[in-house]
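Raw input-v6.cif, mmCIF, C-alpha atoms:
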data_work
loop_
_atom_site.label_atom_id
_atom_site.label_comp_id
_atom_site.auth_asym_id
_atom_site.auth_seq_id
_atom_site.Cartn_x
_atom_site.Cartn_y
_atom_site.Cartn_z
CA MET Y 1 158.42 93.45 118.71
CA ALA Y 2 159.92 96.83 118.00
CA ILE Y 3 162.11 96.82 121.07
CA GLU Y 4 164.79 94.28 120.22
CA SER Y 5 168.07 93.93 122.03
CA ASP Y 6 170.13 93.87 118.88
CA ALA Y 7 173.16 96.10 119.42
CA VAL Y 8 172.96 97.87 116.09
CA GLU Y 9 169.33 98.66 116.55
CA GLN Y 10 169.88 100.03 120.03
CA GLU Y 11 172.23 102.56 118.55
CA LEU Y 12 169.69 103.54 115.94
CA GLU Y 13 166.90 103.57 118.56
CA LEU Y 14 164.44 102.86 115.83
CA ALA Y 15 163.78 99.19 115.22
CA ILE Y 16 161.10 99.10 112.61
CA HIS Y 17 160.49 95.69 111.15
CA PRO Y 18 157.00 95.98 109.72
CA MET Y 19 157.28 92.72 107.83
CA ASP Y 20 158.28 90.56 110.80
CA GLN Y 21 154.65 90.02 111.70
CA PHE Y 22 154.18 88.13 108.45
CA LEU Y 23 156.93 85.57 109.11
CA VAL Y 24 155.75 82.01 109.08
CA LYS Y 25 157.51 80.17 111.91
CA PRO Y 26 157.14 76.71 113.37
CA LEU Y 27 155.09 76.95 116.54
CA PHE Y 28 157.20 74.41 118.44
CA GLY Y 29 160.95 73.89 118.64
CA GLY Y 30 161.99 77.44 119.43
CA GLY Y 31 160.64 78.97 116.29
CA HIS Y 32 163.25 77.82 113.79
CA GLY Y 33 163.70 74.87 111.60
CA ASP Y 34 162.43 73.81 108.27
CA ILE Y 35 158.79 74.25 107.48
CA GLY Y 36 157.44 71.12 105.92
CA MET Y 37 153.96 70.71 104.55
CA PHE Y 38 152.46 69.45 107.80
CA THR Y 39 154.53 71.48 110.27
CA ILE Y 40 152.42 73.23 112.87
CA THR Y 41 153.24 76.89 112.35
CA ASN Y 42 151.86 80.18 113.59
CA ALA Y 43 149.82 80.20 110.38
CA THR Y 44 148.31 76.87 111.44
CA LEU Y 45 147.56 78.27 114.89
CA TRP Y 46 145.74 81.31 113.55
CA LEU Y 47 143.87 79.31 110.93
CA GLY Y 48 142.74 77.09 113.79
CA ILE Y 49 141.71 80.13 115.85
CA THR Y 50 139.78 81.39 112.82
CA VAL Y 51 137.92 78.07 112.59
CA LEU Y 52 137.12 78.13 116.30
CA CYS Y 53 135.87 81.73 116.17
CA ALA Y 54 133.73 80.98 113.11
CA ILE Y 55 132.26 77.95 114.86
CA ALA Y 56 131.75 79.93 118.06
CA LEU Y 57 129.81 82.59 116.17
CA MET Y 58 127.82 80.47 113.76
CA VAL Y 59 127.25 77.29 115.79
CA LEU Y 60 127.52 78.14 119.49
CA GLY Y 61 126.00 81.56 118.91
CA THR Y 62 122.89 80.05 117.37
CA ARG Y 63 122.45 77.11 119.74
CA GLY Y 64 119.40 78.73 121.37
CA ARG Y 65 117.50 78.55 118.05
CA ALA Y 66 115.36 81.29 119.52
CA ILE Y 67 112.47 82.94 117.71
CA VAL Y 68 113.60 86.13 119.41
CA PRO Y 69 117.36 85.86 118.88
CA SER Y 70 120.12 86.46 121.37
CA ARG Y 71 122.83 88.94 120.44
CA SER Y 72 125.21 86.35 118.99
CA GLN Y 73 122.36 84.68 117.14
CA SER Y 74 121.34 88.03 115.62
CA ILE Y 75 124.87 88.57 114.35
CA ALA Y 76 124.94 85.08 112.81
CA GLU Y 77 121.52 85.68 111.24
CA VAL Y 78 122.49 89.08 109.89
CA ILE Y 79 125.57 87.57 108.22
CA TYR Y 80 123.51 84.67 106.88
CA VAL Y 81 120.80 86.90 105.42
CA PHE Y 82 123.39 89.36 104.07
CA ILE Y 83 125.24 86.67 102.11
CA TYR Y 84 122.03 84.89 101.12
CA LYS Y 85 120.60 88.08 99.63
CA MET Y 86 123.90 88.83 97.92
CA VAL Y 87 124.01 85.41 96.26
CA GLU Y 88 120.33 85.62 95.33
CA ASP Y 89 120.55 89.15 93.93
CA ILE Y 90 123.69 88.60 91.88
CA THR Y 91 123.50 85.01 90.69
CA GLY Y 92 119.74 84.53 90.76
CA LYS Y 93 117.71 81.70 92.23
CA ASP Y 94 119.77 79.00 90.50
CA GLY Y 95 122.93 80.26 92.20
CA LEU Y 96 121.48 79.59 95.65
CA LYS Y 97 122.69 75.98 95.69
CA TYR Y 98 126.24 77.35 95.84
CA PHE Y 99 125.32 79.49 98.85
CA PRO Y 100 127.03 77.21 101.44
CA TYR Y 101 130.33 77.44 99.54
CA ILE Y 102 130.18 81.19 99.20
CA PHE Y 103 129.09 81.58 102.80
CA SER Y 104 132.01 79.41 103.99
CA LEU Y 105 134.38 81.53 101.94
CA PHE Y 106 132.97 84.76 103.36
CA ILE Y 107 132.94 83.66 106.98
CA PHE Y 108 136.51 82.37 106.68
CA ILE Y 109 137.85 85.60 105.18
CA LEU Y 110 135.86 87.82 107.53
CA VAL Y 111 136.87 85.97 110.69
CA ALA Y 112 140.49 85.56 109.57
CA ASN Y 113 140.69 89.30 108.82
CA VAL Y 114 139.11 90.31 112.11
CA VAL Y 115 141.20 87.87 114.15
CA GLY Y 116 144.26 89.21 112.33
CA LEU Y 117 143.54 92.64 113.79
CA LEU Y 118 144.27 91.39 117.32
CA PRO Y 119 147.61 92.71 118.54
CA ALA Y 120 150.45 90.18 118.15
CA SER Y 121 148.32 87.98 115.95
CA PHE Y 122 149.26 86.50 112.59
CA THR Y 123 147.06 87.55 109.69
CA THR Y 124 146.62 84.49 107.52
CA THR Y 125 144.83 86.44 104.79
CA SER Y 126 147.80 88.78 104.37
CA HIS Y 127 149.67 85.94 102.66
CA ILE Y 128 149.47 85.58 98.94
CA ALA Y 129 149.70 81.80 99.38
CA VAL Y 130 146.36 81.85 101.17
CA THR Y 131 144.52 84.39 99.03
CA ALA Y 132 145.87 82.95 95.78
CA THR Y 133 144.64 79.52 96.83
CA LEU Y 134 141.21 80.97 97.59
CA ALA Y 135 141.12 82.88 94.31
CA LEU Y 136 142.28 79.84 92.33
CA ILE Y 137 139.66 77.65 93.95
CA VAL Y 138 137.04 80.19 92.87
CA PHE Y 139 138.56 80.56 89.40
CA VAL Y 140 138.82 76.84 88.70
CA ALA Y 141 135.41 76.07 90.19
CA VAL Y 142 133.70 78.84 88.22
CA THR Y 143 135.42 77.90 84.95
CA VAL Y 144 134.60 74.19 85.33
CA LEU Y 145 131.04 75.04 86.33
CA GLY Y 146 130.70 77.34 83.32
CA PHE Y 147 131.69 74.60 80.90
CA VAL Y 148 129.63 71.92 82.67
CA LYS Y 149 126.50 74.09 82.74
CA ASN Y 150 126.76 75.71 79.31
CA GLY Y 151 129.17 73.56 77.30
CA THR Y 152 130.94 75.55 74.61
CA ALA Y 153 128.26 78.25 74.94
CA PHE Y 154 130.29 79.37 77.94
CA LEU Y 155 132.77 80.82 75.43
CA SER Y 156 130.13 83.39 74.43
CA LEU Y 157 131.25 85.16 77.60
CA PHE Y 158 134.24 86.33 75.54
CA TRP Y 159 132.30 87.10 72.36
CA VAL Y 160 130.58 90.45 72.89
CA SER Y 161 127.64 90.13 70.51
CA ALA Y 162 126.48 93.66 71.27
CA ALA Y 163 129.65 95.16 69.76
CA PRO Y 164 130.24 95.80 66.02
CA LEU Y 165 131.52 92.72 64.24
CA ALA Y 166 134.91 94.24 63.45
CA LEU Y 167 135.58 94.99 67.11
CA ARG Y 168 134.58 91.57 68.40
CA PRO Y 169 137.91 89.75 67.95
CA ILE Y 170 139.76 92.56 69.73
CA LEU Y 171 137.19 92.62 72.49
CA ALA Y 172 137.40 88.84 72.73
CA LEU Y 173 141.14 89.09 73.28
CA ILE Y 174 140.63 91.71 75.99
CA GLU Y 175 137.90 89.64 77.60
CA VAL Y 176 140.11 86.54 77.65
CA ILE Y 177 142.98 88.47 79.22
CA SER Y 178 140.71 90.04 81.79
CA TYR Y 179 139.24 86.63 82.57
CA PHE Y 180 142.66 85.17 83.32
CA VAL Y 181 143.71 88.23 85.30
CA ARG Y 182 140.73 87.72 87.59
CA PRO Y 183 142.39 85.33 90.07
CA VAL Y 184 145.46 87.57 90.24
CA SER Y 185 143.53 90.73 91.07
CA HIS Y 186 141.13 88.76 93.24
CA SER Y 187 143.94 87.44 95.45
CA ILE Y 188 146.34 90.38 95.45
CA ARG Y 189 143.54 92.81 96.35
CA LEU Y 190 142.85 90.94 99.59
CA ALA Y 191 146.44 90.11 100.55
CA GLY Y 192 147.67 93.58 99.60
CA ASN Y 193 145.05 95.35 101.68
CA MET Y 194 145.74 93.18 104.69
CA MET Y 195 149.51 93.44 104.42
CA ALA Y 196 149.61 97.18 103.80
CA GLY Y 197 147.36 98.09 106.72
CA HIS Y 198 149.17 95.88 109.19
CA ALA Y 199 152.60 97.02 107.98
CA VAL Y 200 151.60 100.68 108.34
CA ILE Y 201 150.43 100.06 111.90
CA LYS Y 202 153.78 98.40 112.64
CA VAL Y 203 155.70 101.33 111.16
CA PHE Y 204 153.84 103.77 113.38
CA ALA Y 205 154.37 101.44 116.32
CA GLY Y 206 158.09 101.63 115.59
CA PHE Y 207 157.97 105.41 115.64
CA ALA Y 208 156.16 105.35 118.96
CA VAL Y 209 159.46 104.62 120.79
CA VAL Y 210 160.69 108.10 119.99
CA THR Y 211 159.38 110.24 122.82
CA PHE Y 212 158.46 113.39 121.02
CA ILE Y 213 156.67 111.70 118.13
CA SER Y 214 154.95 109.03 120.17
CA PRO Y 215 151.65 110.87 120.82
CA ALA Y 216 151.25 111.48 117.09
CA ALA Y 217 152.33 107.91 116.33
CA ILE Y 218 149.89 106.41 118.80
CA GLY Y 219 147.14 108.66 117.43
CA ALA Y 220 147.98 107.48 113.96
CA ILE Y 221 147.88 103.84 115.10
CA VAL Y 222 144.41 104.39 116.53
CA ALA Y 223 143.21 106.08 113.36
CA ILE Y 224 144.66 103.42 111.08
CA TYR Y 225 143.33 100.68 113.31
CA ALA Y 226 139.85 102.16 112.90
CA LEU Y 227 140.35 102.33 109.16
CA GLU Y 228 141.64 98.75 109.12
CA THR Y 229 138.58 97.56 111.02
CA LEU Y 230 136.53 98.94 108.15
CA VAL Y 231 138.89 97.60 105.50
CA VAL Y 232 138.91 94.01 106.78
CA CYS Y 233 135.13 93.82 106.59
CA ILE Y 234 134.99 95.52 103.20
CA GLN Y 235 137.66 93.24 101.76
CA ALA Y 236 135.78 90.14 102.92
CA TYR Y 237 132.68 91.61 101.29
CA VAL Y 238 134.53 92.51 98.08
CA PHE Y 239 136.08 89.06 97.77
CA THR Y 240 132.67 87.45 98.23
CA ILE Y 241 130.77 89.74 95.91
CA LEU Y 242 133.36 89.22 93.17
CA THR Y 243 133.00 85.48 93.66
CA CYS Y 244 129.25 85.90 93.17
CA VAL Y 245 129.82 87.95 90.01
CA TYR Y 246 132.15 85.29 88.59
CA LEU Y 247 129.61 82.63 89.49
CA LYS Y 248 126.91 84.60 87.70
CA ASP Y 249 129.13 84.70 84.60
CA ALA Y 250 129.48 80.93 84.78
CA LEU Y 251 125.73 80.37 85.15
CA HIS Y 252 124.60 82.99 82.65
CA PRO Y 253 127.53 83.63 80.29
CA SER Y 254 125.62 85.69 77.72
CA HIS Y 255 126.16 89.42 78.06
CA MET P 1 158.90 87.41 122.81
CA ALA P 2 161.53 86.88 125.49
CA THR P 3 163.00 83.89 123.69
CA GLU P 4 163.60 86.03 120.65
CA THR P 5 166.20 88.08 122.45
CA ASN P 6 168.58 85.13 122.26
CA GLY P 7 169.58 84.11 118.80
CA ALA P 8 166.12 84.15 117.31
CA ALA P 9 166.08 87.89 117.65
CA THR P 10 168.18 88.29 114.55
CA GLU P 11 165.54 86.47 112.52
CA HIS P 12 164.03 89.43 110.79
CA ALA P 13 162.11 89.29 107.60
CA GLN P 14 164.23 89.59 104.50
CA GLY P 15 161.99 91.34 102.01
CA MET P 16 158.42 90.09 101.96
CA PRO P 17 157.71 86.91 103.88
CA GLN P 18 154.72 86.56 101.55
CA LEU P 19 157.11 85.67 98.74
CA ASP P 20 158.99 83.01 100.70
CA PHE P 21 157.82 80.11 98.59
CA SER P 22 159.21 77.53 101.03
CA THR P 23 156.27 78.26 103.34
CA PHE P 24 153.65 77.88 100.58
CA PRO P 25 152.97 74.14 100.80
CA ASN P 26 152.51 74.44 104.54
CA GLN P 27 150.15 77.41 104.31
CA ILE P 28 148.16 75.94 101.46
CA PHE P 29 147.81 72.58 103.21
CA TRP P 30 146.54 74.10 106.43
CA LEU P 31 144.31 76.50 104.54
CA LEU P 32 142.65 73.61 102.74
CA VAL P 33 142.15 71.80 106.05
CA THR P 34 140.60 74.98 107.47
CA LEU P 35 138.30 75.46 104.49
CA VAL P 36 137.11 71.86 104.58
CA VAL P 37 136.37 72.07 108.30
CA ILE P 38 134.58 75.41 107.94
CA TYR P 39 132.61 74.17 104.94
CA PHE P 40 131.42 71.03 106.73
CA VAL P 41 130.52 72.81 109.95
CA MET P 42 128.71 75.58 108.09
CA SER P 43 126.86 73.45 105.55
CA ARG P 44 125.96 70.63 107.99
CA VAL P 45 125.27 72.51 111.23
CA ALA P 46 125.20 76.29 111.14
CA LEU P 47 123.41 77.09 107.88
CA PRO P 48 120.55 74.56 108.18
CA ARG P 49 120.04 75.67 111.77
CA ILE P 50 119.86 79.36 110.88
CA ALA P 51 117.66 78.60 107.88
CA SER P 52 115.23 76.67 110.07
CA VAL P 53 115.21 79.42 112.70
CA LEU P 54 114.49 82.04 110.04
CA ALA P 55 111.76 79.89 108.49
CA GLU P 56 110.26 79.24 111.91
CA ARG P 57 110.27 82.95 112.74
CA HIS P 58 108.74 83.77 109.39
CA GLY P 59 106.06 81.14 110.01
CA ALA P 60 105.38 82.43 113.51
CA ILE P 61 105.03 86.00 112.29
CA GLN P 62 102.81 84.87 109.44
CA SER P 63 100.55 82.85 111.72
CA ASP P 64 100.33 85.77 114.16
CA LEU P 65 99.37 88.06 111.31
CA ASP P 66 96.76 85.55 110.15
CA LYS P 67 95.39 85.31 113.65
CA ALA P 68 95.20 89.08 113.88
CA GLU P 69 93.41 89.15 110.54
CA GLN P 70 90.89 86.59 111.79
CA MET P 71 90.35 88.54 115.00
CA LYS P 72 89.78 91.68 113.00
CA ALA P 73 87.25 89.91 110.79
CA LYS P 74 85.52 88.64 113.90
CA ALA P 75 85.40 92.12 115.36
CA VAL P 76 83.93 93.52 112.15
CA GLU P 77 81.37 90.72 112.18
CA ALA P 78 80.48 91.46 115.80
CA GLU P 79 80.09 95.14 114.99
CA ALA P 80 77.80 94.31 112.08
CA ALA P 81 75.73 92.02 114.30
CA TYR P 82 75.53 94.73 116.95
CA ASN P 83 74.45 97.31 114.41
CA LYS P 84 71.86 94.93 113.02
CA ALA P 85 70.52 94.23 116.50
CA LEU P 86 70.35 97.95 117.12
CA VAL P 87 68.43 98.58 113.91
CA ASP P 88 66.09 95.66 114.68
CA ALA P 89 65.42 96.90 118.18
CA ARG P 90 64.75 100.38 116.91
CA ALA P 91 62.33 99.05 114.28
CA GLU P 92 60.59 96.91 116.88
CA ALA P 93 60.26 99.85 119.22
CA GLN P 94 58.84 101.87 116.35
CA ALA P 95 56.33 99.13 115.60
CA ILE P 96 55.30 98.88 119.25
CA VAL P 97 54.83 102.64 119.43
CA GLU P 98 52.83 102.56 116.24
CA ALA P 99 50.63 99.67 117.45
CA THR P 100 50.03 101.30 120.81
CA ARG P 101 49.13 104.58 119.19
CA ALA P 102 46.66 102.82 116.87
CA GLU P 103 45.10 100.99 119.79
CA ILE P 104 44.71 104.16 121.78
CA GLN P 105 43.30 105.91 118.74
CA LYS P 106 40.79 103.10 118.35
CA ASP P 107 39.78 103.38 122.01
CA VAL P 108 39.47 107.12 121.66
CA ASP P 109 37.42 106.74 118.50
CA VAL P 110 35.10 104.25 120.17
CA ALA P 111 34.71 106.49 123.19
CA MET P 112 34.07 109.55 120.95
CA ALA P 113 31.50 107.69 118.92
CA LYS P 114 29.75 106.55 122.07
CA ALA P 115 29.81 110.00 123.51
CA ASP P 116 28.52 111.44 120.24
CA ALA P 117 25.70 108.93 120.17
CA GLU P 118 24.84 109.68 123.76
CA ILE P 119 24.88 113.36 123.09
CA ALA P 120 22.74 112.88 120.00
CA ALA P 121 20.27 110.77 121.98
CA LYS P 122 20.14 113.26 124.80
CA SER P 123 19.60 116.20 122.43
CA ALA P 124 16.90 114.28 120.51
CA GLU P 125 15.21 113.51 123.81
CA SER P 126 15.43 117.12 124.86
CA GLU P 127 14.12 118.29 121.52
CA ALA P 128 11.19 115.91 121.81
CA ALA P 129 10.49 117.18 125.29
CA ILE P 130 10.69 120.77 124.10
CA LYS P 131 8.38 119.98 121.17
CA GLU P 132 5.91 118.33 123.50
CA ILE P 133 6.03 121.29 125.80
CA ARG P 134 5.56 123.65 122.87
CA ASP P 135 2.70 121.58 121.46
CA SER P 136 0.99 121.43 124.78
CA ALA P 137 1.53 125.13 125.17
CA MET P 138 0.13 125.77 121.70
CA SER P 139 -2.92 123.66 122.34
CA ALA P 140 -3.44 125.41 125.67
CA ILE P 141 -3.17 128.77 123.92
CA GLU P 142 -5.68 127.66 121.29
CA GLU P 143 -8.02 126.46 123.95
CA VAL P 144 -7.68 129.64 125.92
CA ALA P 145 -8.18 131.69 122.73
CA ASN P 146 -11.26 129.65 121.77
CA ASP P 147 -12.72 130.02 125.22
CA THR P 148 -11.91 133.70 125.31
CA ALA P 149 -13.25 134.26 121.80
CA GLU P 150 -16.42 132.30 122.57
CA ALA P 151 -16.90 134.23 125.72
CA ILE P 152 -16.33 137.51 123.89
CA VAL P 153 -18.71 136.48 121.05
CA ALA P 154 -21.33 135.27 123.52
CA LYS P 155 -21.15 138.50 125.42
CA VAL P 156 -21.13 140.74 122.36
CA MET P 157 -23.62 138.97 120.18
CA PRO P 158 -25.23 135.97 121.89
CA ALA P 159 -27.24 135.18 118.76
CA ALA P 160 -24.31 134.56 116.63
CA ALA P 161 -22.64 132.17 119.03
CA ASP P 162 -21.44 129.36 116.95
CA LYS P 163 -18.76 127.26 118.51
CA ALA P 164 -17.42 125.80 115.27
CA ALA P 165 -17.15 129.09 113.44
CA VAL P 166 -15.32 130.67 116.33
CA LYS P 167 -12.93 127.79 116.54
CA ALA P 168 -12.16 127.95 112.81
CA ALA P 169 -11.65 131.70 112.99
CA VAL P 170 -9.35 131.40 115.98
CA SER P 171 -7.26 128.65 114.45
CA ALA P 172 -7.07 130.62 111.17
CA ARG P 173 -5.87 133.64 113.15
CA LEU P 174 -3.36 131.63 115.11
CA LYS P 175 -1.89 130.13 111.98
CA GLY P 176 -1.73 133.43 110.22
#
Do you think you could lay out the structure here as structure tokens?
Amino acid sequence: MAIESDAVEQELELAIHPMDQFLVKPLFGGGHGDIGMFTITNATLWLGITVLCAIALMVLGTRGRAIVPSRSQSIAEVIYVFIYKMVEDITGKDGLKYFPYIFSLFIFILVANVVGLLPASFTTTSHIAVTATLALIVFVAVTVLGFVKNGTAFLSLFWVSAAPLALRPILALIEVISYFVRPVSHSIRLAGNMMAGHAVIKVFAGFAVVTFISPAAIGAIVAIYALETLVVCIQAYVFTILTCVYLKDALHPSH
Amino acid sequence: MATETNGAATEHAQGMPQLDFSTFPNQIFWLLVTLVVIYFVMSRVALPRIASVLAERHGAIQSDLDKAEQMKAKAVEAEAAYNKALVDARAEAQAIVEATRAEIQKDVDVAMAKADAEIAAKSAESEAAIKEIRDSAMSAIEEVANDTAEAIVAKVMPAAADKAAVKAAVSARLKG
């Protein structure tokens, strides 16, 4: 990507376009044209690849149903038990009926993040449109669930009964603000982490064309790639654990 | 990327593509499709399958542990039975030894008693024989003394020869 034949860029030698990788383009028709709601784009392609990888891991990987698991089955089981324990520990036994939703969320983010690390791939979770949708789904679902389960008692989430009476209205205001900021931080945390890491890799890749910096640049790419491998898993984990915490608030709103 | 060199190559991102709101409906639509597909595949196929595998494994391990527990109990039982048999056998052996010893003792006692009786009978017999011999010897001595005394009396003083007096004197002397 960095080596483009644009005349101006050839003069500059450096062609760093770290944001190009995030462009959403139609997959067919030469890569231009309007993007309608149902247009098949590179985002569609990589969402599809994410689905296929998730199915490959969780369905094909477990098709042996072995008592002594194969490697892929162990991975699927480890992820299952990890998320199951997380949901059980944070939300309690009554949160377990939401386990399939939370698991689907986790496996989507994890696989999308990991697939996004492939060179020349498109990282769907680096787009605020995607992460904001995920965060809003969680936010709306948790808020509706909170009111359905607890009625108006759900509002006690904002009324800190442990605090002195005089402080409670101020705390309530802060709690309400922090509650509505949740989807923002929830989504920007994931998209920001994805975007920043990938952009930094691209910047170093751009520097790699300059002969005397290239060893350092390539070393930096390797190092950041390793870091990103960690970050993509941690961000999937963080998104999921926050979802569990919000769900716990909806099920047990009292402080 | 070869196609990008012609025309499309100039299509670089202006600012952040993330904030290009014209792509939002498209991304959100396909994301929702993705999530629905993932949710159905996970909740209908993958998760129940893994749950059943985990439950099955848990059951298998549990039943193996139970079996091991039963085997252990059986082994303990067998050991107890073995120990009991050992103790019984030892007690029986002890009893047999005791009975045999008593029997032998009885035989020995019987034999001793018989031998004692025999010895007693023999010694009584011998004593009787000795007494008889002594008696006969005594009577012979008395007779000889009488005869001798009579002869001496008759020789010394024939007038005073009195058989009865001599006999009484001799027997008085012998007793004294």
Take atom CA of P:Ala91 and atom CA of P:Glu103 and report the distance between them in Å, one decimal. 18.2 Å
Selected by the PyMOL selection byres ((chain P) within 10 of (chain Y)) in the shown coordinates: which residues, as a VMD selection string? chain P and resid 1 to 58 60 to 61
Keeping C-alpha atoms, export the residues of the selection given above as a compact mmCIF listing (two decimals), in the coordinates of the input.
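To be explicit, this is the file written out as out-v7.txt:
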# COMPACT_ATOMS: atom_id res chain seq x y z
CA MET P 1 158.90 87.41 122.81
CA ALA P 2 161.53 86.88 125.49
CA THR P 3 163.00 83.89 123.69
CA GLU P 4 163.60 86.03 120.65
CA THR P 5 166.20 88.08 122.45
CA ASN P 6 168.58 85.13 122.26
CA GLY P 7 169.58 84.11 118.80
CA ALA P 8 166.12 84.15 117.31
CA ALA P 9 166.08 87.89 117.65
CA THR P 10 168.18 88.29 114.55
CA GLU P 11 165.54 86.47 112.52
CA HIS P 12 164.03 89.43 110.79
CA ALA P 13 162.11 89.29 107.60
CA GLN P 14 164.23 89.59 104.50
CA GLY P 15 161.99 91.34 102.01
CA MET P 16 158.42 90.09 101.96
CA PRO P 17 157.71 86.91 103.88
CA GLN P 18 154.72 86.56 101.55
CA LEU P 19 157.11 85.67 98.74
CA ASP P 20 158.99 83.01 100.70
CA PHE P 21 157.82 80.11 98.59
CA SER P 22 159.21 77.53 101.03
CA THR P 23 156.27 78.26 103.34
CA PHE P 24 153.65 77.88 100.58
CA PRO P 25 152.97 74.14 100.80
CA ASN P 26 152.51 74.44 104.54
CA GLN P 27 150.15 77.41 104.31
CA ILE P 28 148.16 75.94 101.46
CA PHE P 29 147.81 72.58 103.21
CA TRP P 30 146.54 74.10 106.43
CA LEU P 31 144.31 76.50 104.54
CA LEU P 32 142.65 73.61 102.74
CA VAL P 33 142.15 71.80 106.05
CA THR P 34 140.60 74.98 107.47
CA LEU P 35 138.30 75.46 104.49
CA VAL P 36 137.11 71.86 104.58
CA VAL P 37 136.37 72.07 108.30
CA ILE P 38 134.58 75.41 107.94
CA TYR P 39 132.61 74.17 104.94
CA PHE P 40 131.42 71.03 106.73
CA VAL P 41 130.52 72.81 109.95
CA MET P 42 128.71 75.58 108.09
CA SER P 43 126.86 73.45 105.55
CA ARG P 44 125.96 70.63 107.99
CA VAL P 45 125.27 72.51 111.23
CA ALA P 46 125.20 76.29 111.14
CA LEU P 47 123.41 77.09 107.88
CA PRO P 48 120.55 74.56 108.18
CA ARG P 49 120.04 75.67 111.77
CA ILE P 50 119.86 79.36 110.88
CA ALA P 51 117.66 78.60 107.88
CA SER P 52 115.23 76.67 110.07
CA VAL P 53 115.21 79.42 112.70
CA LEU P 54 114.49 82.04 110.04
CA ALA P 55 111.76 79.89 108.49
CA GLU P 56 110.26 79.24 111.91
CA ARG P 57 110.27 82.95 112.74
CA HIS P 58 108.74 83.77 109.39
CA ALA P 60 105.38 82.43 113.51
CA ILE P 61 105.03 86.00 112.29
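Taking atom CA of Y:Ile16 as the reference point, atom CA of Y:Pro119 is found at 16.1 Å.
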What lies within 10 Å of Y:Tyr179 using all atoms listed in the file, ignoring chain neighbours under 5 positions off, as a count of residues only? 8
Distance criterion (only C-alpha atoms): nearest to Y:Val238 out of Y:Ala208, Y:Val148, Y:Val176, Y:Leu110: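 The answer is Y:Leu110, which sits nearest to Y:Val238.
Rounded to one decimal, atom CA of Y:Val203 and atom CA of Y:Ala220 lie 10.3 Å from each other.
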Residues near Y:Glu228, anyone? I mean within 9 Å using all atoms listed in the file, not counting same-chain ones fewer than 5 positions away, as a list in words.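 So the residues in contact are Leu117, Asn193, Met194, Gly197, His198, Ala223 and Cys233 of chain Y.
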With a distance cut-off of 10 Å and all atoms listed in the file, select the neighbouring residues of stretch 160-170 of chain P, excluding the residue or stretch itself and same-chain residues fewer than 6 positions from it, and output the selection as a VMD selection string. chain P and resid 142 to 143 145 to 154 176
Can you tell me which residues surround Y:Asp249 at a distance of at most 9 Å, considering only C-alpha atoms, apart from same-chain residues fewer than 6 positions away, and format the answer as number ranges by chain? Y: 91, 142, 146, 154, 157, 255
Produce a table with one row for each residue of stretch 57-159 of chain Y that has an atom at most 10 Å from any atom of stretch 229-232 of chain Y, each row naming the nearest atom pair and its distance in Å at one decimal; use all atoms listed in the file; arrange rows by chain and rising residue number; format as JSON lines.
{"residue": "Y:Ile109", "atom": "CA", "partner": "Y:Val232", "partner_atom": "CA", "distance": 8.6}
{"residue": "Y:Leu110", "atom": "CA", "partner": "Y:Val232", "partner_atom": "CA", "distance": 6.9}
{"residue": "Y:Val111", "atom": "CA", "partner": "Y:Val232", "partner_atom": "CA", "distance": 9.2}
{"residue": "Y:Ala112", "atom": "CA", "partner": "Y:Val232", "partner_atom": "CA", "distance": 9.0}
{"residue": "Y:Asn113", "atom": "CA", "partner": "Y:Val232", "partner_atom": "CA", "distance": 5.4}
{"residue": "Y:Val114", "atom": "CA", "partner": "Y:Val232", "partner_atom": "CA", "distance": 6.5}
{"residue": "Y:Val115", "atom": "CA", "partner": "Y:Val232", "partner_atom": "CA", "distance": 9.9}
{"residue": "Y:Gly116", "atom": "CA", "partner": "Y:Val232", "partner_atom": "CA", "distance": 9.1}
{"residue": "Y:Leu117", "atom": "CA", "partner": "Y:Thr229", "partner_atom": "CA", "distance": 7.5}
{"residue": "Y:Thr125", "atom": "CA", "partner": "Y:Val232", "partner_atom": "CA", "distance": 9.8}
Shell around Y:Ile221 at 8 Å using all atoms listed in the file, local window under 2 positions removed, as a list in words: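 So the residues in contact are Ile201, Phe204, Ala205, Ala217, Ile218, Gly219, Ala223, Ile224 and Tyr225 of chain Y.
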